[in-house]
Amino acid sequence: MTGPARRTAILRRAVRVALAASVGFYTCLYGFDEPVLALYALFAPISLGLLSTVPGSGRQRAAVMLKALPVGLALVALGTALAVHTWAAVLGMLVVGFLLAFAAVAGPRPAGAAPALQLFYILACFPPYDPGALGLRLAGLSLGVLLLVLCELFVLPDPPDPTYRAALAAALRTARDAVTGEAVLSPQALREAGARLRLSGVAPAQRPAGPGRAMRGLAQAGTAGRRLLELLAHLTETGELRALATGGQGANGTDRALRSLLPRVTGLLDETVTALRTGRAAPGPHRMDEAIEDFQRIRVRQAAGPAEEVPPADVLRRQALLLSIAEAVRTLEISVRVGLDGRRTAPIDPPVLFWYTYSTTPRLWLRRITGNLTPRSVQFHNALRIALALAAARLVAGSLDLAHGFWVLLTVLTLSRTTVGETWAAIRLAVLGNLLGAVTAGALLIGLGRHTDAYAAMLAPAMLLAFSVGPLLGIAWAQGLFTLVVSSAFAQITPASWQLAEARVVDVVTGSAIGLLCGLLAWPAGARAEARRTMAGLLRECGPLIKGTVGMLAAVPPGSVPPPPTLPALHRYRLAEAAYAQFRSEPGGGGHGGADWQAVLMAAHHVFLGAQWLPRFDLPVAALPPSAADRERAGARALAETTDRLAALCAGEPPPPRRTDPPAERPPGPPTPALVDLDTWLRGLAAQLGRIESRLPGALAPPGGSSGRNPVP
């Protein structure tokens, strides 16, 4: 979001939240004379509209808030019941804090509402223990949320963000123009088109991050689109893409196979773009399967024909490159269909990459949850860190009987970050802002005394100022102005003195110390270290997959060796992708120095595709010549050793020594389509791994050298 658009969005939000909170608070306090009702009616819009980041347009946020209301009511009831004893409230805080923070695995919308739901429990679990006030608490919360929903719908509602489908359609249109040669695009332009499909560059409400079939389908389509554009960029750099676009003009009919497939590839790209723009997938079977099978039959007939009709090596190379493009388009076609339809379907051949298409929704949710319940998951790290910090804060506030101890937990929740450096930077500014705000609030409380009409007159303007100027000017201003808001609100509910401002400072400092300590003890580096470990694990899984795929294709007789397992590598891929996404959101994570984690993910995707489509479409009808099979096995072993070496560098371990075996000689005789396809896949993968190694800091330095640098950031 650009600067002017961000400022406009902040001002709109400030008006909506201030209006909803003011109407609820003034009505309940001065209309019904119910302080408890007024407190919850004030607190609900601030928690859900300001202290949480529910993404989307006004209508989308309103829908999320309505869905969150029943959960919030249940948490208020639970907090009210557990407030009977400090330890009961602490244990409840530990469980509630973890579950709500872990809800981030379900996507940006549940993650956005989670802080408000945690605050609903926090406010209710503090003394006084008053089950008789539960009805007023629930009524105030309901009123505040419903007022905020109305404001989201009718008061300066935010427009919807561009959809991921639109971004994907634009990227595929660019790919189509590049394949047909209708537009001369540079490699940089193609890579920029692919970069726009990264989820980090998409509005949170539009990200296909949920566990359902439709969301998984669109996410896989985005990955396949980025892979296709990266492939086209590489072919543009080597000049081979132009040869593909004009490759149907070869002599002796040797390019007949290419001429049969290329129009179907571009036609299917056009149909996929149309489907994304209209939201309706074209009916019928997956037509790219039939096109690739026809293409392979023509190639086999050519290779088995008279010597003068056997395609030369450069033609086979172009055909192999077109086959890799066609397989990327095939993956796009299938995943877009699933993303637009979302219904449960029969297994797609091969089923590994599209396993989710025939799984039930509960099973997909269970898989998402259990897949992240591991010490290798950054979502698990974040949830456990915040749960421990909130539970510790509740224990300290309850044991020390701090006045307004709720502010201690509010500080922990709003100032905790994924790295200890970020947390410390936020805490320094927050404490400074609260000190200045407390001094100002104390002076007002002393000067105005118990003139509640004065506090009532200043509350609404103070909220509008704090909710707009604070986020625009930074944490210090936001905390200082928020101190004025809470002081003017509490001074109307109960008689207050300057000691209210003092209690605010003590609670903020206490919460800051607890949050900083937990940040130091629980994964202080954030996703940096986990990105290294998960990328290393992913690369280690790729090595056996490469060797297993080549072994399957080179087996005698063909197909006698079972395919290598892919699901463990896919699980590693999802963990690495999540770690990389968080790493990019942290300070220094979006820079250009250090390891190229995006290239590691793209290389792994290249491995997955080859492991699936080579046996599916290219399993030779006859065994490869022994010399050719030995050469490809040697190439696969070399690539597996490269992935192991890169994994060691990523993990900060001494890499295994490089092998110095001489390169295997090309076997005599004409190349076969299966052999050229396999060789093209391995060569492309070798080029990607080489680029990755060149970006690893210290990759060429000897282990234990004097530089003292970590191998990755």
# chains A, B, ... in the order shown; residues from 1 in each chain; ligands from 1
call {"tool": "residues_around", "arguments": {"residues": "region 563-566 of chain A", "least_positions_apart": "2", "cutoff": "10 Å", "atoms": "only C-alpha atoms", "output": "ChimeraX atom specification"}}
result
/A:352-353,541-542,544-553,559-561,568-571,607-608,611-612,615
call {"tool": "select_by_dssp", "arguments": {"residues": "region 13-141 of chain A", "states": "helix (DSSP H, G or I)", "output": "PyMOL selection string"}}
result
chain A and resi 13-31+35-50+58-82+86-106+108-124+131-141
call {"tool": "write_last_selection", "arguments": {"atoms": "C-alpha atoms", "output": "tab-separated table (two decimals), in the first residue's frame"}}
result
chain	number	residue	atom	x	y	z
A	13	ARG	CA	-10.29	3.48	10.37
A	14	ALA	CA	-9.82	6.12	13.07
A	15	VAL	CA	-13.19	7.67	12.26
A	16	ARG	CA	-14.98	4.31	12.30
A	17	VAL	CA	-13.44	3.06	15.54
A	18	ALA	CA	-13.82	6.39	17.36
A	19	LEU	CA	-17.46	6.67	16.28
A	20	ALA	CA	-18.39	3.12	17.31
A	21	ALA	CA	-16.56	3.39	20.64
A	22	SER	CA	-18.04	6.81	21.45
A	23	VAL	CA	-21.64	5.85	20.67
A	24	GLY	CA	-21.41	2.66	22.73
A	25	PHE	CA	-19.61	4.22	25.68
A	26	TYR	CA	-21.71	7.39	26.03
A	27	THR	CA	-24.98	5.52	25.54
A	28	CYS	CA	-24.23	2.87	28.15
A	29	LEU	CA	-22.62	5.16	30.73
A	30	TYR	CA	-24.84	8.22	30.54
A	31	GLY	CA	-27.96	6.68	29.02
A	35	PRO	CA	-20.22	1.36	33.90
A	36	VAL	CA	-19.51	-2.32	33.14
A	37	LEU	CA	-21.68	-2.20	30.04
A	38	ALA	CA	-19.93	1.01	28.97
A	39	LEU	CA	-16.43	-0.41	29.53
A	40	TYR	CA	-17.02	-3.40	27.26
A	41	ALA	CA	-18.88	-1.33	24.66
A	42	LEU	CA	-15.83	0.98	24.53
A	43	PHE	CA	-13.24	-1.77	24.60
A	44	ALA	CA	-14.73	-4.02	21.90
A	45	PRO	CA	-14.39	-1.60	18.94
A	46	ILE	CA	-10.90	-0.53	20.03
A	47	SER	CA	-9.72	-4.14	20.33
A	48	LEU	CA	-11.25	-5.41	17.10
A	49	GLY	CA	-10.90	-2.28	14.98
A	50	LEU	CA	-7.62	-0.75	16.17
A	58	GLY	CA	-15.34	-2.93	4.84
A	59	ARG	CA	-17.70	-5.73	3.91
A	60	GLN	CA	-15.02	-8.38	4.36
A	61	ARG	CA	-13.98	-7.04	7.77
A	62	ALA	CA	-17.58	-6.83	8.90
A	63	ALA	CA	-18.07	-10.50	8.03
A	64	VAL	CA	-14.98	-11.50	10.01
A	65	MET	CA	-16.12	-9.46	13.01
A	66	LEU	CA	-19.55	-11.06	13.02
A	67	LYS	CA	-17.97	-14.51	12.91
A	68	ALA	CA	-15.61	-13.55	15.74
A	69	LEU	CA	-18.42	-12.28	18.00
A	70	PRO	CA	-19.63	-15.70	19.25
A	71	VAL	CA	-16.03	-16.71	19.98
A	72	GLY	CA	-15.49	-13.45	21.83
A	73	LEU	CA	-18.61	-13.99	23.95
A	74	ALA	CA	-17.41	-17.48	24.88
A	75	LEU	CA	-13.98	-16.14	25.85
A	76	VAL	CA	-15.51	-13.43	28.04
A	77	ALA	CA	-17.58	-16.09	29.79
A	78	LEU	CA	-14.49	-18.28	30.23
A	79	GLY	CA	-12.41	-15.39	31.57
A	80	THR	CA	-15.16	-14.42	34.01
A	81	ALA	CA	-15.28	-17.97	35.38
A	82	LEU	CA	-11.48	-18.39	35.65
A	86	THR	CA	-4.91	-16.33	39.72
A	87	TRP	CA	-3.59	-19.77	38.74
A	88	ALA	CA	-6.83	-20.68	37.00
A	89	ALA	CA	-6.64	-17.47	34.98
A	90	VAL	CA	-2.94	-18.10	34.20
A	91	LEU	CA	-3.55	-21.62	32.89
A	92	GLY	CA	-6.52	-20.40	30.89
A	93	MET	CA	-4.35	-17.62	29.45
A	94	LEU	CA	-1.69	-20.15	28.42
A	95	VAL	CA	-4.18	-22.31	26.53
A	96	VAL	CA	-6.23	-19.46	25.03
A	97	GLY	CA	-3.12	-17.52	24.08
A	98	PHE	CA	-1.58	-20.47	22.25
A	99	LEU	CA	-4.75	-21.51	20.42
A	100	LEU	CA	-5.59	-18.02	19.22
A	101	ALA	CA	-2.03	-17.23	18.14
A	102	PHE	CA	-1.79	-20.61	16.40
A	103	ALA	CA	-4.92	-19.68	14.44
A	104	ALA	CA	-2.55	-17.89	12.05
A	105	VAL	CA	-2.16	-21.25	10.26
A	106	ALA	CA	-5.74	-20.78	8.98
A	108	PRO	CA	-4.69	-13.82	7.43
A	109	ARG	CA	-8.30	-13.22	8.52
A	110	PRO	CA	-8.29	-15.51	11.60
A	111	ALA	CA	-4.81	-14.25	12.41
A	112	GLY	CA	-6.02	-10.66	12.19
A	113	ALA	CA	-8.91	-11.19	14.62
A	114	ALA	CA	-6.87	-13.24	17.11
A	115	PRO	CA	-5.43	-10.31	19.15
A	116	ALA	CA	-8.91	-8.91	19.82
A	117	LEU	CA	-10.18	-12.31	20.94
A	118	GLN	CA	-7.21	-12.63	23.29
A	119	LEU	CA	-7.99	-9.20	24.74
A	120	PHE	CA	-11.60	-10.19	25.36
A	121	TYR	CA	-10.42	-13.06	27.54
A	122	ILE	CA	-7.75	-10.91	29.20
A	123	LEU	CA	-10.17	-8.17	30.26
A	124	ALA	CA	-12.63	-10.67	31.74
A	131	PRO	CA	-20.12	-13.85	37.76
A	132	GLY	CA	-23.20	-11.72	38.30
A	133	ALA	CA	-21.83	-9.10	35.88
A	134	LEU	CA	-21.45	-11.63	33.05
A	135	GLY	CA	-24.69	-10.56	31.38
A	136	LEU	CA	-23.62	-6.90	31.29
A	137	ARG	CA	-20.19	-7.86	29.94
A	138	LEU	CA	-21.67	-9.94	27.14
A	139	ALA	CA	-24.21	-7.24	26.28
A	140	GLY	CA	-21.54	-4.52	26.18
A	141	LEU	CA	-19.25	-6.64	23.99
call {"tool": "closest_residue", "arguments": {"among": "A:Ala233, A:Ile514, A:Ala430, A:Ala525", "to": "Phe482 (chain A)", "atoms": "only C-alpha atoms"}}
result
A:Ala430
call {"tool": "closest_atom_pairs", "arguments": {"of": "region 214-302 of chain A", "to": "region 307-327 of chain A", "cutoff": "12 Å", "atoms": "only C-alpha atoms", "output": "JSON lines"}}
result
{"residue": "A:Ala224", "atom": "CA", "partner": "A:Glu327", "partner_atom": "CA", "distance": 9.6}
{"residue": "A:Gly225", "atom": "CA", "partner": "A:Ile325", "partner_atom": "CA", "distance": 10.6}
{"residue": "A:Arg227", "atom": "CA", "partner": "A:Ile325", "partner_atom": "CA", "distance": 9.5}
{"residue": "A:Leu228", "atom": "CA", "partner": "A:Ile325", "partner_atom": "CA", "distance": 6.7}
{"residue": "A:Leu229", "atom": "CA", "partner": "A:Ile325", "partner_atom": "CA", "distance": 9.5}
{"residue": "A:Glu230", "atom": "CA", "partner": "A:Ile325", "partner_atom": "CA", "distance": 10.6}
{"residue": "A:Leu231", "atom": "CA", "partner": "A:Ile325", "partner_atom": "CA", "distance": 7.7}
{"residue": "A:Leu232", "atom": "CA", "partner": "A:Ile325", "partner_atom": "CA", "distance": 8.2}
{"residue": "A:Ala233", "atom": "CA", "partner": "A:Ile325", "partner_atom": "CA", "distance": 11.8}
{"residue": "A:His234", "atom": "CA", "partner": "A:Leu321", "partner_atom": "CA", "distance": 11.0}
{"residue": "A:Leu235", "atom": "CA", "partner": "A:Leu321", "partner_atom": "CA", "distance": 8.7}
{"residue": "A:Gly239", "atom": "CA", "partner": "A:Arg318", "partner_atom": "CA", "distance": 11.3}
{"residue": "A:Glu240", "atom": "CA", "partner": "A:Arg318", "partner_atom": "CA", "distance": 7.6}
{"residue": "A:Leu241", "atom": "CA", "partner": "A:Arg318", "partner_atom": "CA", "distance": 8.8}
{"residue": "A:Arg242", "atom": "CA", "partner": "A:Arg318", "partner_atom": "CA", "distance": 10.5}
{"residue": "A:Ala243", "atom": "CA", "partner": "A:Arg318", "partner_atom": "CA", "distance": 7.7}
{"residue": "A:Leu244", "atom": "CA", "partner": "A:Arg318", "partner_atom": "CA", "distance": 6.3}
{"residue": "A:Ala245", "atom": "CA", "partner": "A:Leu322", "partner_atom": "CA", "distance": 9.8}
{"residue": "A:Thr246", "atom": "CA", "partner": "A:Arg318", "partner_atom": "CA", "distance": 10.6}
{"residue": "A:Gly247", "atom": "CA", "partner": "A:Arg318", "partner_atom": "CA", "distance": 7.8}
{"residue": "A:Gly248", "atom": "CA", "partner": "A:Val315", "partner_atom": "CA", "distance": 10.0}
{"residue": "A:Gln249", "atom": "CA", "partner": "A:Val315", "partner_atom": "CA", "distance": 11.1}
{"residue": "A:Gly250", "atom": "CA", "partner": "A:Val315", "partner_atom": "CA", "distance": 8.5}
{"residue": "A:Ala251", "atom": "CA", "partner": "A:Pro311", "partner_atom": "CA", "distance": 9.8}
{"residue": "A:Asn252", "atom": "CA", "partner": "A:Glu309", "partner_atom": "CA", "distance": 6.9}
{"residue": "A:Gly253", "atom": "CA", "partner": "A:Glu309", "partner_atom": "CA", "distance": 7.7}
{"residue": "A:Thr254", "atom": "CA", "partner": "A:Pro311", "partner_atom": "CA", "distance": 5.3}
{"residue": "A:Asp255", "atom": "CA", "partner": "A:Val315", "partner_atom": "CA", "distance": 6.9}
{"residue": "A:Arg256", "atom": "CA", "partner": "A:Pro311", "partner_atom": "CA", "distance": 10.0}
{"residue": "A:Ala257", "atom": "CA", "partner": "A:Gln319", "partner_atom": "CA", "distance": 7.6}
{"residue": "A:Leu258", "atom": "CA", "partner": "A:Gln319", "partner_atom": "CA", "distance": 6.1}
{"residue": "A:Arg259", "atom": "CA", "partner": "A:Gln319", "partner_atom": "CA", "distance": 9.8}
{"residue": "A:Ser260", "atom": "CA", "partner": "A:Gln319", "partner_atom": "CA", "distance": 10.8}
{"residue": "A:Leu261", "atom": "CA", "partner": "A:Ala326", "partner_atom": "CA", "distance": 8.0}
{"residue": "A:Leu262", "atom": "CA", "partner": "A:Leu322", "partner_atom": "CA", "distance": 7.4}
{"residue": "A:Pro263", "atom": "CA", "partner": "A:Ala326", "partner_atom": "CA", "distance": 10.6}
{"residue": "A:Arg264", "atom": "CA", "partner": "A:Ala326", "partner_atom": "CA", "distance": 8.9}
{"residue": "A:Val265", "atom": "CA", "partner": "A:Ala326", "partner_atom": "CA", "distance": 6.0}
{"residue": "A:Thr266", "atom": "CA", "partner": "A:Ala326", "partner_atom": "CA", "distance": 9.2}
{"residue": "A:Gly267", "atom": "CA", "partner": "A:Ala326", "partner_atom": "CA", "distance": 11.3}
{"residue": "A:Leu268", "atom": "CA", "partner": "A:Ala326", "partner_atom": "CA", "distance": 9.6}
{"residue": "A:Leu269", "atom": "CA", "partner": "A:Ala326", "partner_atom": "CA", "distance": 9.9}
{"residue": "A:His286", "atom": "CA", "partner": "A:Glu327", "partner_atom": "CA", "distance": 12.0}
{"residue": "A:Arg287", "atom": "CA", "partner": "A:Ala326", "partner_atom": "CA", "distance": 11.2}
{"residue": "A:Met288", "atom": "CA", "partner": "A:Ala326", "partner_atom": "CA", "distance": 7.5}
{"residue": "A:Asp289", "atom": "CA", "partner": "A:Glu327", "partner_atom": "CA", "distance": 8.8}
{"residue": "A:Glu290", "atom": "CA", "partner": "A:Ala326", "partner_atom": "CA", "distance": 11.3}
{"residue": "A:Ala291", "atom": "CA", "partner": "A:Ala326", "partner_atom": "CA", "distance": 8.9}
{"residue": "A:Ile292", "atom": "CA", "partner": "A:Ala326", "partner_atom": "CA", "distance": 7.4}
{"residue": "A:Glu293", "atom": "CA", "partner": "A:Leu323", "partner_atom": "CA", "distance": 10.4}
{"residue": "A:Asp294", "atom": "CA", "partner": "A:Leu323", "partner_atom": "CA", "distance": 11.6}
{"residue": "A:Phe295", "atom": "CA", "partner": "A:Leu323", "partner_atom": "CA", "distance": 8.6}
{"residue": "A:Gln296", "atom": "CA", "partner": "A:Leu323", "partner_atom": "CA", "distance": 9.0}
{"residue": "A:Ile298", "atom": "CA", "partner": "A:Gln319", "partner_atom": "CA", "distance": 11.0}
{"residue": "A:Arg299", "atom": "CA", "partner": "A:Pro311", "partner_atom": "CA", "distance": 8.6}
{"residue": "A:Val300", "atom": "CA", "partner": "A:Val310", "partner_atom": "CA", "distance": 9.7}
{"residue": "A:Arg301", "atom": "CA", "partner": "A:Val310", "partner_atom": "CA", "distance": 8.9}
{"residue": "A:Gln302", "atom": "CA", "partner": "A:Val310", "partner_atom": "CA", "distance": 5.4}
call {"tool": "residues_around", "arguments": {"residues": "Trp681 (chain A)", "least_positions_apart": "2", "cutoff": "9 Å", "atoms": "only C-alpha atoms", "output": "VMD selection string"}}
result
chain A and resid 320 to 321 324 606 to 607 610 614 676 to 679 683 to 686
call {"tool": "atom_distance", "arguments": {"atom1": "CA of Gly305 (chain A)", "atom2": "CA of Thr672 (chain A)"}}
result
11.8 Å
call {"tool": "residues_around", "arguments": {"residues": "Ala476 (chain A)", "least_positions_apart": "4", "cutoff": "10 Å", "atoms": "only C-alpha atoms", "output": "ChimeraX atom specification"}}
result
/A:426-437,470-471,480-482
